[in-house]
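Asker: Sharing start-v7.csv here; it has CSV, C-alpha atoms and all ligand atoms.
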```csv
chain,number,residue,atom,x,y,z
A,1,MET,CA,-11.6,33.0,21.0
A,2,LYS,CA,-10.0,30.9,23.7
A,3,GLU,CA,-6.3,30.5,24.4
A,4,PHE,CA,-4.1,28.1,26.3
A,5,SER,CA,-0.6,26.6,26.1
A,6,TYR,CA,1.0,23.2,26.5
A,7,HIS,CA,4.7,22.8,27.5
A,8,PHE,CA,6.6,20.2,25.6
A,9,SER,CA,10.3,19.6,26.0
A,10,GLY,CA,11.8,23.0,26.0
A,11,LYS,CA,8.9,24.6,24.0
A,12,GLU,CA,5.6,26.2,24.7
A,13,THR,CA,2.9,25.7,22.0
A,14,ARG,CA,-0.1,28.1,22.1
A,15,TYR,CA,-3.5,26.9,21.1
A,16,TYR,CA,-6.0,29.5,19.7
A,17,LEU,CA,-9.5,27.9,19.6
A,18,ASP,CA,-12.5,29.3,17.8
A,19,ALA,CA,-10.2,31.7,16.1
A,20,GLY,CA,-9.7,33.0,12.5
A,21,PHE,CA,-7.0,34.2,10.2
A,22,ALA,CA,-7.5,37.7,11.7
A,23,ASP,CA,-6.5,36.3,15.1
A,24,MET,CA,-2.9,35.4,14.0
A,25,PRO,CA,-0.7,36.4,16.9
A,26,PRO,CA,1.3,39.6,16.4
A,27,VAL,CA,4.6,37.6,16.2
A,28,ILE,CA,3.4,36.8,12.7
A,29,ASN,CA,4.8,39.2,10.2
A,30,ARG,CA,2.8,38.6,7.0
A,31,LYS,CA,5.8,39.5,4.8
A,32,GLY,CA,8.0,36.7,6.2
A,33,CYS,CA,5.2,34.2,6.3
A,34,ILE,CA,4.6,31.4,3.8
A,35,VAL,CA,1.4,29.4,3.9
A,36,ILE,CA,1.5,25.8,2.7
A,37,THR,CA,-1.9,24.5,1.7
A,38,ASP,CA,-3.4,22.0,-0.7
A,39,THR,CA,-5.4,22.4,-3.9
A,40,ASN,CA,-8.8,21.6,-2.3
A,41,LEU,CA,-8.3,24.2,0.5
A,42,TYR,CA,-7.0,26.8,-2.0
A,43,GLN,CA,-10.0,26.3,-4.2
A,44,HIS,CA,-12.3,27.2,-1.3
A,45,TYR,CA,-10.2,29.8,0.5
A,46,ALA,CA,-8.1,31.6,-2.1
A,47,PRO,CA,-9.7,35.0,-1.1
A,48,LEU,CA,-8.7,34.4,2.5
A,49,LEU,CA,-5.1,33.9,1.5
A,50,GLU,CA,-4.9,37.0,-0.6
A,51,GLY,CA,-1.8,38.9,0.3
A,52,TRP,CA,-0.1,35.9,1.8
A,53,GLN,CA,2.8,34.1,0.1
A,54,THR,CA,1.3,30.7,-0.6
A,55,ILE,CA,2.6,27.3,-1.7
A,56,VAL,CA,-0.2,25.0,-3.0
A,57,ILE,CA,0.5,21.3,-3.1
A,58,PRO,CA,-1.7,18.6,-4.7
A,59,ALA,CA,-4.3,17.2,-2.2
A,60,GLY,CA,-4.1,13.6,-1.0
A,61,GLU,CA,-2.0,11.0,0.9
A,62,GLN,CA,-0.3,9.9,-2.3
A,63,TYR,CA,1.5,13.3,-2.3
A,64,LYS,CA,2.8,12.9,1.3
A,65,GLN,CA,6.1,11.8,-0.3
A,66,GLN,CA,9.6,13.2,-0.7
A,67,SER,CA,9.0,14.5,-4.2
A,68,THR,CA,6.4,17.0,-2.8
A,69,ILE,CA,9.0,18.1,-0.2
A,70,ASP,CA,11.5,18.7,-2.9
A,71,ASP,CA,9.0,20.8,-4.8
A,72,ILE,CA,8.1,22.9,-1.7
A,73,ILE,CA,11.8,23.5,-1.0
A,74,ARG,CA,12.4,24.6,-4.6
A,75,ARG,CA,9.5,27.1,-4.1
A,76,LEU,CA,11.0,28.3,-0.8
A,77,ILE,CA,14.3,29.0,-2.5
A,78,GLU,CA,12.5,30.9,-5.3
A,79,MET,CA,10.7,32.9,-2.6
A,80,GLU,CA,14.1,33.6,-1.0
A,81,ALA,CA,12.9,32.2,2.3
A,82,ASP,CA,15.5,32.6,5.0
A,83,ARG,CA,15.9,31.6,8.7
A,84,THR,CA,13.5,34.3,9.8
A,85,SER,CA,10.8,32.9,7.5
A,86,PHE,CA,7.7,31.4,9.2
A,87,ILE,CA,5.8,28.5,7.7
A,88,ILE,CA,2.0,28.0,8.3
A,89,GLY,CA,0.5,24.7,7.4
A,90,MET,CA,-3.1,25.2,6.6
A,91,GLY,CA,-5.0,21.9,5.8
A,92,GLY,CA,-5.7,18.4,6.9
A,93,GLY,CA,-3.3,16.0,8.4
A,94,VAL,CA,-1.4,15.5,5.1
A,95,VAL,CA,-0.6,19.3,4.9
A,96,THR,CA,0.1,19.6,8.7
A,97,ASP,CA,2.5,16.6,8.6
A,98,ILE,CA,4.3,18.0,5.5
A,99,ALA,CA,4.5,21.6,6.6
A,100,GLY,CA,5.9,20.7,10.0
A,101,TYR,CA,8.5,18.4,8.3
A,102,VAL,CA,9.6,21.1,5.8
A,103,ALA,CA,9.8,23.6,8.5
A,104,GLY,CA,12.0,21.2,10.5
A,105,ILE,CA,14.5,20.5,7.7
A,106,TYR,CA,14.6,23.7,5.6
A,107,LEU,CA,17.8,25.6,6.6
A,108,ARG,CA,18.0,23.1,9.5
A,109,GLY,CA,14.7,24.5,10.8
A,110,VAL,CA,12.5,27.5,10.6
A,111,ARG,CA,9.6,28.4,12.9
A,112,PHE,CA,6.1,27.2,12.0
A,113,ALA,CA,2.5,27.1,13.0
A,114,LEU,CA,-0.4,24.9,12.0
A,115,MET,CA,-4.0,25.7,11.1
A,116,PRO,CA,-5.8,22.3,10.9
A,117,THR,CA,-8.8,22.3,8.7
A,118,SER,CA,-10.2,18.7,9.0
A,119,ILE,CA,-11.6,17.1,12.1
A,120,LEU,CA,-8.8,14.6,12.0
A,121,ALA,CA,-6.1,17.2,11.9
A,122,MET,CA,-7.9,19.3,14.6
A,123,VAL,CA,-8.2,16.5,17.1
A,124,ASP,CA,-5.0,14.6,16.3
A,125,ALA,CA,-2.5,15.3,13.4
A,126,ALA,CA,-1.8,18.9,14.2
A,127,ILE,CA,-1.0,18.1,17.9
A,128,GLY,CA,2.1,16.6,19.3
A,129,GLY,CA,4.8,17.7,16.9
A,130,LYS,CA,5.2,14.5,14.8
A,131,ASN,CA,5.8,15.5,11.3
A,132,GLY,CA,6.8,13.5,8.3
A,133,ILE,CA,6.2,11.7,5.1
A,134,ASP,CA,5.5,8.2,3.7
A,135,ILE,CA,8.1,6.3,1.7
A,136,GLY,CA,6.0,4.5,-0.9
A,137,ILE,CA,3.6,2.3,1.0
A,138,TYR,CA,5.4,2.7,4.3
A,139,LYS,CA,3.5,5.3,6.4
A,140,ASN,CA,5.3,8.1,8.2
A,141,LEU,CA,8.7,6.3,7.9
A,142,VAL,CA,10.7,9.5,7.7
A,143,GLY,CA,10.1,12.5,9.9
A,144,LEU,CA,10.9,14.3,13.1
A,145,ILE,CA,9.3,15.5,16.3
A,146,ARG,CA,9.3,19.3,16.5
A,147,GLN,CA,6.6,21.4,18.0
A,148,PRO,CA,4.8,24.4,16.3
A,149,ASP,CA,4.8,27.8,17.9
A,150,PHE,CA,1.0,27.7,17.8
A,151,ILE,CA,-2.0,25.9,16.5
A,152,LEU,CA,-4.9,28.0,15.3
A,153,TYR,CA,-8.4,26.5,15.1
A,154,ASP,CA,-10.9,28.2,12.8
A,155,TYR,CA,-14.0,26.0,13.1
A,156,SER,CA,-15.8,27.9,10.2
A,157,LEU,CA,-13.4,26.1,7.8
A,158,LEU,CA,-15.2,22.9,8.6
A,159,ASP,CA,-18.2,24.2,6.6
A,160,THR,CA,-16.5,22.9,3.4
A,161,LEU,CA,-15.1,19.6,4.8
A,162,PRO,CA,-16.6,16.8,2.7
A,163,ALA,CA,-18.9,14.3,4.5
A,164,GLU,CA,-16.5,11.4,4.2
A,165,GLU,CA,-13.8,13.5,6.0
A,166,TRP,CA,-16.1,14.0,9.0
A,167,VAL,CA,-16.4,10.2,9.2
A,168,ASN,CA,-12.6,9.8,9.0
A,169,GLY,CA,-12.0,12.3,11.8
A,170,PHE,CA,-14.2,10.5,14.2
A,171,ALA,CA,-12.0,7.4,14.0
A,172,GLU,CA,-9.3,9.3,16.0
A,173,VAL,CA,-12.0,10.7,18.4
A,174,ILE,CA,-13.1,7.2,19.1
A,175,LYS,CA,-9.5,6.1,19.5
A,176,HIS,CA,-9.0,8.7,22.2
A,177,ALA,CA,-12.1,7.6,24.0
A,178,CYS,CA,-11.0,3.9,23.8
A,179,ILE,CA,-7.5,4.5,25.3
A,180,LYS,CA,-8.2,7.3,27.8
A,181,ASP,CA,-11.8,8.4,28.3
A,182,ALA,CA,-14.7,6.1,29.0
A,183,THR,CA,-17.0,9.1,29.6
A,184,LEU,CA,-16.2,10.4,26.1
A,185,PHE,CA,-17.1,6.9,24.8
A,186,GLU,CA,-20.5,7.1,26.4
A,187,LEU,CA,-21.1,10.6,25.1
A,188,LEU,CA,-20.3,9.4,21.6
A,189,GLN,CA,-22.7,6.5,22.0
A,190,SER,CA,-25.5,8.9,22.7
A,191,LYS,CA,-24.8,11.1,19.6
A,192,ASP,CA,-23.9,10.9,16.0
A,193,ILE,CA,-22.0,12.8,13.3
A,194,ALA,CA,-25.2,14.8,12.3
A,195,TYR,CA,-25.5,16.0,15.9
A,196,PHE,CA,-21.9,17.4,16.0
A,197,LYS,CA,-22.2,18.8,12.5
A,198,THR,CA,-25.2,20.9,13.4
A,199,ASN,CA,-24.4,21.7,17.0
A,200,LYS,CA,-21.4,24.0,16.9
A,201,GLU,CA,-21.0,24.4,20.6
A,202,ALA,CA,-21.0,20.6,21.1
A,203,LEU,CA,-18.5,20.3,18.3
A,204,GLY,CA,-16.2,22.9,19.8
A,205,ALA,CA,-16.4,21.1,23.2
A,206,LEU,CA,-15.6,17.8,21.6
A,207,ILE,CA,-12.6,19.1,19.7
A,208,GLU,CA,-11.3,20.8,22.8
A,209,ARG,CA,-11.7,17.6,24.9
A,210,ASN,CA,-9.7,15.7,22.3
A,211,ILE,CA,-7.0,18.4,22.1
A,212,HIS,CA,-6.5,18.0,25.9
A,213,ILE,CA,-6.4,14.2,25.7
A,214,LYS,CA,-3.7,14.2,23.1
A,215,SER,CA,-1.7,17.2,24.4
A,216,THR,CA,-1.6,15.8,27.9
A,217,VAL,CA,-0.3,12.4,26.7
A,218,VAL,CA,2.3,14.0,24.5
A,219,ALA,CA,3.4,16.6,27.1
A,220,GLY,CA,4.1,13.6,29.5
A,221,ASP,CA,6.0,11.5,26.9
A,222,GLU,CA,7.0,13.6,23.9
A,223,ARG,CA,9.6,11.1,22.5
A,224,GLU,CA,7.2,8.2,22.8
A,225,SER,CA,9.0,6.0,25.2
A,226,GLY,CA,5.9,5.2,27.3
A,227,GLU,CA,2.4,6.5,27.4
A,228,ARG,CA,2.4,8.2,24.0
A,229,ARG,CA,2.5,4.8,22.4
A,230,LEU,CA,-1.2,4.4,23.4
A,231,LEU,CA,-2.1,6.9,20.7
A,232,ASN,CA,-1.1,4.3,18.2
A,233,PHE,CA,-4.1,2.2,19.1
A,234,GLY,CA,-5.5,0.8,15.8
A,235,HIS,CA,-2.6,2.2,13.9
A,236,THR,CA,-0.3,-0.8,13.7
A,237,PHE,CA,-2.6,-2.8,11.4
A,238,GLY,CA,-4.1,0.5,10.2
A,239,HIS,CA,-0.8,1.7,8.8
A,240,ALA,CA,-0.1,-1.8,7.3
A,241,ILE,CA,-3.1,-1.7,5.1
A,242,GLU,CA,-3.7,2.1,4.6
A,243,ASN,CA,-1.3,2.7,1.6
A,244,LEU,CA,-1.4,-0.9,0.4
A,245,TYR,CA,-5.1,-0.5,-0.4
A,246,GLN,CA,-5.3,3.3,-0.6
A,247,LEU,CA,-7.7,3.5,2.3
A,248,PRO,CA,-8.6,6.8,4.0
A,249,HIS,CA,-6.6,7.1,7.2
A,250,GLY,CA,-9.7,7.0,9.4
A,251,HIS,CA,-11.0,3.9,7.7
A,252,ALA,CA,-7.7,2.1,8.1
A,253,VAL,CA,-7.5,3.1,11.8
A,254,SER,CA,-11.1,1.9,12.3
A,255,ILE,CA,-10.3,-1.5,10.9
A,256,GLY,CA,-7.1,-1.5,12.9
A,257,MET,CA,-9.0,-0.8,16.1
A,258,VAL,CA,-11.4,-3.7,15.5
A,259,ILE,CA,-8.4,-6.1,15.0
A,260,ALA,CA,-6.7,-4.7,18.2
A,261,ALA,CA,-9.8,-5.1,20.2
A,262,ALA,CA,-10.3,-8.7,19.1
A,263,ILE,CA,-6.6,-9.4,20.1
A,264,SER,CA,-7.3,-7.6,23.4
A,265,GLN,CA,-10.2,-10.0,24.1
A,266,GLU,CA,-7.7,-12.9,23.9
A,267,MET,CA,-4.8,-11.3,25.6
A,268,THR,CA,-6.0,-8.9,28.3
A,269,GLY,CA,-9.5,-10.1,29.2
A,270,PHE,CA,-11.1,-7.1,27.4
A,271,SER,CA,-14.8,-8.2,27.5
A,272,ALA,CA,-16.9,-9.4,24.6
A,273,VAL,CA,-19.5,-6.8,25.6
A,274,SER,CA,-17.0,-3.9,25.4
A,275,ASN,CA,-15.7,-5.3,22.1
A,276,GLU,CA,-19.3,-5.3,20.7
A,277,SER,CA,-19.8,-1.7,22.0
A,278,LEU,CA,-16.7,-0.6,20.1
A,279,VAL,CA,-17.8,-2.2,16.9
A,280,GLN,CA,-21.3,-0.7,17.2
A,281,LEU,CA,-19.9,2.8,17.9
A,282,LEU,CA,-17.6,2.6,14.9
A,283,GLN,CA,-20.6,1.7,12.7
A,284,GLN,CA,-22.7,4.4,14.3
A,285,TYR,CA,-20.1,6.9,13.0
A,286,GLN,CA,-20.2,5.2,9.6
A,287,LEU,CA,-16.7,3.7,9.9
A,288,PRO,CA,-15.8,0.3,8.4
A,289,VAL,CA,-15.3,-2.6,10.8
A,290,GLN,CA,-14.4,-5.3,8.3
A,291,PHE,CA,-11.9,-5.6,5.5
A,292,SER,CA,-10.3,-8.5,3.7
A,293,PHE,CA,-6.7,-8.0,3.0
A,294,ASP,CA,-3.6,-9.9,1.9
A,295,LYS,CA,-2.3,-11.1,5.3
A,296,ALA,CA,1.2,-11.9,4.2
A,297,LYS,CA,1.7,-8.5,2.5
A,298,ALA,CA,0.2,-6.7,5.5
A,299,PHE,CA,2.5,-8.6,7.9
A,300,SER,CA,5.6,-7.7,5.8
A,301,ILE,CA,4.6,-4.0,6.0
A,302,LEU,CA,3.7,-4.3,9.7
A,303,LYS,CA,7.2,-5.5,10.4
A,304,MET,CA,8.6,-2.1,9.3
A,305,ASP,CA,6.4,-0.3,11.8
A,306,LYS,CA,8.2,2.2,14.0
A,307,LYS,CA,6.8,0.4,17.1
A,308,ARG,CA,8.9,-2.7,16.4
A,309,GLU,CA,11.9,-3.2,18.7
A,310,LYS,CA,14.1,-5.9,17.4
A,311,GLU,CA,12.0,-9.1,17.3
A,312,ALA,CA,9.0,-7.7,19.2
A,313,MET,CA,6.3,-5.1,18.5
A,314,ASN,CA,4.9,-2.7,21.1
A,315,PHE,CA,1.2,-3.3,20.4
A,316,ILE,CA,-1.6,-1.3,21.9
A,317,LEU,CA,-4.4,-3.3,23.5
A,318,LEU,CA,-7.4,-2.4,25.6
A,319,GLN,CA,-7.9,-3.5,29.1
A,320,SER,CA,-11.4,-1.9,29.2
A,321,ILE,CA,-13.1,1.0,27.4
A,322,GLY,CA,-11.1,4.0,28.4
A,323,GLU,CA,-8.0,2.1,29.4
A,324,GLY,CA,-5.3,1.3,26.8
A,325,ILE,CA,-2.2,-0.6,27.6
A,326,VAL,CA,1.1,-1.3,25.8
A,327,GLN,CA,2.1,-4.9,25.3
A,328,SER,CA,5.2,-6.2,23.7
A,329,ILE,CA,4.3,-9.1,21.4
A,330,PRO,CA,7.0,-11.2,19.7
A,331,LEU,CA,6.9,-10.9,16.0
A,332,THR,CA,6.5,-14.7,15.6
A,333,GLN,CA,3.3,-14.5,17.7
A,334,MET,CA,2.2,-11.4,15.8
A,335,GLU,CA,2.6,-13.4,12.6
A,336,SER,CA,0.6,-16.3,13.8
A,337,ILE,CA,-2.2,-13.9,14.9
A,338,VAL,CA,-2.2,-12.3,11.5
A,339,MET,CA,-2.0,-15.6,9.5
A,340,GLN,CA,-4.3,-17.8,11.6
A,341,ARG,CA,-6.7,-15.7,13.6
A,342,LEU,CA,-7.6,-12.8,11.4
B,401,LIG,N1,1.2,13.8,12.9
B,401,LIG,C1,0.4,13.1,13.6
B,401,LIG,O1,0.5,13.0,14.8
B,401,LIG,C2,-0.8,12.5,12.9
B,401,LIG,C3,-1.8,11.9,13.6
B,401,LIG,C4,-2.9,11.4,12.9
B,401,LIG,C5,-2.9,11.4,11.5
B,401,LIG,N2,-1.8,11.9,10.8
B,401,LIG,C6,-1.8,11.9,9.4
B,401,LIG,O2,-2.9,12.7,8.9
B,401,LIG,C7,-3.2,12.3,7.6
B,401,LIG,C8,-4.7,12.2,7.5
B,401,LIG,O3,-5.3,13.5,7.8
B,401,LIG,P1,-6.6,14.0,7.0
B,401,LIG,O4,-7.6,12.9,7.1
B,401,LIG,O5,-6.9,15.4,7.5
B,401,LIG,O6,-6.1,14.0,5.5
B,401,LIG,P2,-6.0,15.1,4.4
B,401,LIG,O7,-5.0,16.2,4.7
B,401,LIG,O8,-5.7,14.3,3.1
B,401,LIG,O9,-7.4,15.7,4.3
B,401,LIG,C9,-8.5,14.9,3.8
B,401,LIG,C10,-9.2,15.6,2.6
B,401,LIG,O10,-10.0,16.7,3.1
B,401,LIG,C11,-9.6,17.9,2.4
B,401,LIG,N3,-9.9,19.0,3.3
B,401,LIG,C12,-9.3,19.1,4.5
B,401,LIG,N4,-9.8,20.2,5.2
B,401,LIG,C13,-10.8,20.7,4.4
B,401,LIG,C14,-11.7,21.7,4.5
B,401,LIG,N5,-11.9,22.5,5.6
B,401,LIG,N6,-12.6,22.0,3.4
B,401,LIG,C15,-12.5,21.2,2.3
B,401,LIG,N7,-11.7,20.1,2.1
B,401,LIG,C16,-10.8,19.9,3.2
B,401,LIG,C17,-8.2,17.7,1.9
B,401,LIG,O11,-7.9,18.5,0.8
B,401,LIG,C18,-8.2,16.2,1.6
B,401,LIG,O12,-8.7,16.0,0.3
B,401,LIG,C19,-2.5,11.0,7.3
B,401,LIG,O13,-1.4,11.2,6.5
B,401,LIG,C20,-2.0,10.6,8.7
B,401,LIG,O14,-0.9,9.8,8.7
B,401,LIG,C21,-0.8,12.5,11.5
```
Would it be possible to restate this file's structure as structure tokens?

Answerer:
Amino acid sequence: MKEFSYHFSGKETRYYLDAGFADMPPVINRKGCIVITDTNLYQHYAPLLEGWQTIVIPAGEQYKQQSTIDDIIRRLIEMEADRTSFIIGMGGGVVTDIAGYVAGIYLRGVRFALMPTSILAMVDAAIGGKNGIDIGIYKNLVGLIRQPDFILYDYSLLDTLPAEEWVNGFAEVIKHACIKDATLFELLQSKDIAYFKTNKEALGALIERNIHIKSTVVAGDERESGERRLLNFGHTFGHAIENLYQLPHGHAVSIGMVIAAAISQEMTGFSAVSNESLVQLLQQYQLPVQFSFDKAKAFSILKMDKKREKEAMNFILLQSIGEGIVQSIPLTQMESIVMQRL
């Protein structure tokens, strides 16, 4: 097991890598702990959860909604959870977003930790303290920023992760490479999913590298007034189409990255060669690079994106591979890009 910490505003979060349930830190009193997980995880890992109070929610993005939060809170009341209770979110990004959100609002906040079980949650969703839910088709419209006490990585849980979820997770890995790490981009070009699936050491190193990329950005700008915005690369268009077409998050982000790279080519001088390398890399990791969608509908959802500031959108573009930038684009220009150029 490997341990380190990151300091966010007023809070230290510990990371336990290559750990297991047995490695839960001693602060965890099993009696006061409540594990939130989903039906898929529970199906595989019920024996592991024996002896833990557990709330099992239905799996899937369509349940990242207020009604699930209400159900969880009712269960917490039945369990007589109080301010000393400790929530552990064990699952993919949907569970980690929900568990963090419930922990933030139940009794105005109880302590919590996360145990990410998908590649996507390990490299991205569990890190940085953004928790929340969708409102209908609007992604992550309600939520809060609140850091967990710790994040525990048990890589053995990935043994049951379905093949399509490996693909999804690599969208966020490629995103990190695009905005921050050209060397990681080159490493990814020389490998594929099968390599990381079968080479545990390389997978551990890859996850750790992504943890550091995201945690460093968040530690420098927790409230997203500057650099943290870069992490939204591919997400503005991605979020606009994700729930509209019920796309997996990684697929939506992949399509969003292709669109953002094409706009970068026009606006920042991002080269055609780099653009082509990105498209090729996404295909190498089995991610979609094309999708036809209702532009007017997508634009109307996009306008509600959290990155909008009055009449402009803070949009993430690439200057080069490994170097993302934030550019404020007027909504009128955004609309003409969507309607005419996509
Ligand atoms: N908070 C953030 O900063 C942040 C960042 C990125 C993404 N997200 C959110 O994360 C979500 C996407 O995360 P996700 O792709 O992990 O989705 P998910 O939680 O829906 O997991 C994907 C599927 O894999 C299953 N699964 C997960 N781990 C498994 C395992 N070890 N074995 C078997 N099945 C397993 C789940 O049950 C689910 O069916 C989206 O809602 C997105 O908005 C949040």

Asker: Determine the nearest neighbour of ligand LIG 401 (chain B) from the options A:Met339, A:Ile133, A:Met334, A:Ala298, counting all atoms listed in the file.

Answerer: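 Once distances to ligand LIG 401 (chain B) are computed over all atoms listed in the file, the minimum belongs to A:Ile133.
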
Asker: Could you list, as a PyMOL selection string, all protein and nucleic acid residues with an atom at most 8 Å from ligand LIG 401 (chain B), counting all atoms listed in the file?

Answerer: chain A and resi 38-41+44+59-61+64+91-97+116-121+124-133+139-140+157-162+165+168-169+172+248-250

Asker: Please save C-alpha atoms of the selected residues as a compact mmCIF listing (two decimals), keeping the file's coordinate frame.

Answerer:
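Generated file (result-v6.txt):
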```txt
# COMPACT_ATOMS: atom_id res chain seq x y z
CA ASP A 38 -3.40 22.00 -0.70
CA THR A 39 -5.40 22.40 -3.90
CA ASN A 40 -8.80 21.60 -2.30
CA LEU A 41 -8.30 24.20 0.50
CA HIS A 44 -12.30 27.20 -1.30
CA ALA A 59 -4.30 17.20 -2.20
CA GLY A 60 -4.10 13.60 -1.00
CA GLU A 61 -2.00 11.00 0.90
CA LYS A 64 2.80 12.90 1.30
CA GLY A 91 -5.00 21.90 5.80
CA GLY A 92 -5.70 18.40 6.90
CA GLY A 93 -3.30 16.00 8.40
CA VAL A 94 -1.40 15.50 5.10
CA VAL A 95 -0.60 19.30 4.90
CA THR A 96 0.10 19.60 8.70
CA ASP A 97 2.50 16.60 8.60
CA PRO A 116 -5.80 22.30 10.90
CA THR A 117 -8.80 22.30 8.70
CA SER A 118 -10.20 18.70 9.00
CA ILE A 119 -11.60 17.10 12.10
CA LEU A 120 -8.80 14.60 12.00
CA ALA A 121 -6.10 17.20 11.90
CA ASP A 124 -5.00 14.60 16.30
CA ALA A 125 -2.50 15.30 13.40
CA ALA A 126 -1.80 18.90 14.20
CA ILE A 127 -1.00 18.10 17.90
CA GLY A 128 2.10 16.60 19.30
CA GLY A 129 4.80 17.70 16.90
CA LYS A 130 5.20 14.50 14.80
CA ASN A 131 5.80 15.50 11.30
CA GLY A 132 6.80 13.50 8.30
CA ILE A 133 6.20 11.70 5.10
CA LYS A 139 3.50 5.30 6.40
CA ASN A 140 5.30 8.10 8.20
CA LEU A 157 -13.40 26.10 7.80
CA LEU A 158 -15.20 22.90 8.60
CA ASP A 159 -18.20 24.20 6.60
CA THR A 160 -16.50 22.90 3.40
CA LEU A 161 -15.10 19.60 4.80
CA PRO A 162 -16.60 16.80 2.70
CA GLU A 165 -13.80 13.50 6.00
CA ASN A 168 -12.60 9.80 9.00
CA GLY A 169 -12.00 12.30 11.80
CA GLU A 172 -9.30 9.30 16.00
CA PRO A 248 -8.60 6.80 4.00
CA HIS A 249 -6.60 7.10 7.20
CA GLY A 250 -9.70 7.00 9.40
```

Asker: Need the shell around Glu224 in chain A: protein/DNA/RNA residues with any atom at most 12 Å away, counting only C-alpha atoms. Skip same-chain ones fewer than 3 positions apart. Format as an MDAnalysis selection string?

Answerer: chainID A and resid 128:130 145 217:221 227:232 306:307 314 326

Asker: Which residues come within 9 Å of Ala113 in chain A, counting only C-alpha atoms, excluding same-chain residues fewer than 6 positions away, as JSON, numbers by chain?

Answerer: {"A": [86, 87, 88, 89, 90, 96, 99, 100, 147, 148, 149, 150, 151, 152]}

Asker: For C-alpha atoms, I'd like the residues from the last selection saved as an mmCIF file, keeping the file's coordinate frame.

Answerer:
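What landed in selection-v3.cif:
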```
data_model
loop_
_atom_site.group_PDB
_atom_site.id
_atom_site.type_symbol
_atom_site.label_atom_id
_atom_site.label_comp_id
_atom_site.auth_asym_id
_atom_site.auth_seq_id
_atom_site.Cartn_x
_atom_site.Cartn_y
_atom_site.Cartn_z
ATOM 1 C CA PHE A 86 7.700 31.400 9.200
ATOM 2 C CA ILE A 87 5.800 28.500 7.700
ATOM 3 C CA ILE A 88 2.000 28.000 8.300
ATOM 4 C CA GLY A 89 0.500 24.700 7.400
ATOM 5 C CA MET A 90 -3.100 25.200 6.600
ATOM 6 C CA THR A 96 0.100 19.600 8.700
ATOM 7 C CA ALA A 99 4.500 21.600 6.600
ATOM 8 C CA GLY A 100 5.900 20.700 10.000
ATOM 9 C CA GLN A 147 6.600 21.400 18.000
ATOM 10 C CA PRO A 148 4.800 24.400 16.300
ATOM 11 C CA ASP A 149 4.800 27.800 17.900
ATOM 12 C CA PHE A 150 1.000 27.700 17.800
ATOM 13 C CA ILE A 151 -2.000 25.900 16.500
ATOM 14 C CA LEU A 152 -4.900 28.000 15.300
#
```

Asker: With only C-alpha atoms as the atoms that count, which of A:Ala182, A:Ile241, A:Val253, A:Val110 lies nearest to Leu318 in chain A?

Answerer: A:Ala182

Asker: Within 10 Å of Phe185 in chain A, counting all atoms listed in the file, which residues qualify if same-chain residues fewer than 4 places away don't, as a list in words?

Answerer: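 Here the qualifying residues turn out to be Val173, Ile174, Lys175, His176, Ala177, Cys178, Ile179, Lys180, Asp181, Gln189, Ser190, Ser277, Leu278, Leu281, Ile321 and Gly322 of chain A.
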
Asker: How about saving the chosen residues, C-alpha atoms kept, as a PDB file, in the coordinates of the input?

Answerer:
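Output (part.pdb):
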```pdb
ATOM      1  CA  VAL A 173     -12.000  10.700  18.400  1.00  0.00           C
ATOM      2  CA  ILE A 174     -13.100   7.200  19.100  1.00  0.00           C
ATOM      3  CA  LYS A 175      -9.500   6.100  19.500  1.00  0.00           C
ATOM      4  CA  HIS A 176      -9.000   8.700  22.200  1.00  0.00           C
ATOM      5  CA  ALA A 177     -12.100   7.600  24.000  1.00  0.00           C
ATOM      6  CA  CYS A 178     -11.000   3.900  23.800  1.00  0.00           C
ATOM      7  CA  ILE A 179      -7.500   4.500  25.300  1.00  0.00           C
ATOM      8  CA  LYS A 180      -8.200   7.300  27.800  1.00  0.00           C
ATOM      9  CA  ASP A 181     -11.800   8.400  28.300  1.00  0.00           C
ATOM     10  CA  GLN A 189     -22.700   6.500  22.000  1.00  0.00           C
ATOM     11  CA  SER A 190     -25.500   8.900  22.700  1.00  0.00           C
ATOM     12  CA  SER A 277     -19.800  -1.700  22.000  1.00  0.00           C
ATOM     13  CA  LEU A 278     -16.700  -0.600  20.100  1.00  0.00           C
ATOM     14  CA  LEU A 281     -19.900   2.800  17.900  1.00  0.00           C
ATOM     15  CA  ILE A 321     -13.100   1.000  27.400  1.00  0.00           C
ATOM     16  CA  GLY A 322     -11.100   4.000  28.400  1.00  0.00           C
TER      17      GLY A 322
END
```

Asker: Go ahead and compute the interatomic distance for CA of Ala22 in chain A and CA of Thr54 in chain A, in Å to one decimal.

Answerer: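 Taking CA of Ala22 in chain A and CA of Thr54 in chain A, their separation equals 16.7 Å.
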
Asker: Mind pulling up the distance from CA of Ala171 in chain A to CA of Gln340 in chain A?

Answerer: 26.5 Å

Asker: Taking 3 positions as the minimum chain separation for residues in the same chain, which residues sit within 12 Å of Arg30 in chain A when counting all atoms listed in the file? Answer as JSON, numbers by chain.

Answerer: {"A": [21, 22, 24, 25, 26, 27, 33, 34, 35, 49, 50, 51, 52, 53, 54, 84, 85, 86, 87, 88]}

Asker: Out of A:Asp305, A:Tyr101, A:Ser320, A:His235, which residue has the shortest atom-to-atom distance to Ala272 in chain A when counting all atoms listed in the file?

Answerer: A:Ser320

Asker: At what distance in Å, to one decimal, does CA of Pro58 in chain A lie from CA of Gln43 in chain A?

Answerer: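 Interatomic distance, CA of Gln43 in chain A to CA of Pro58 in chain A: 11.3 Å.
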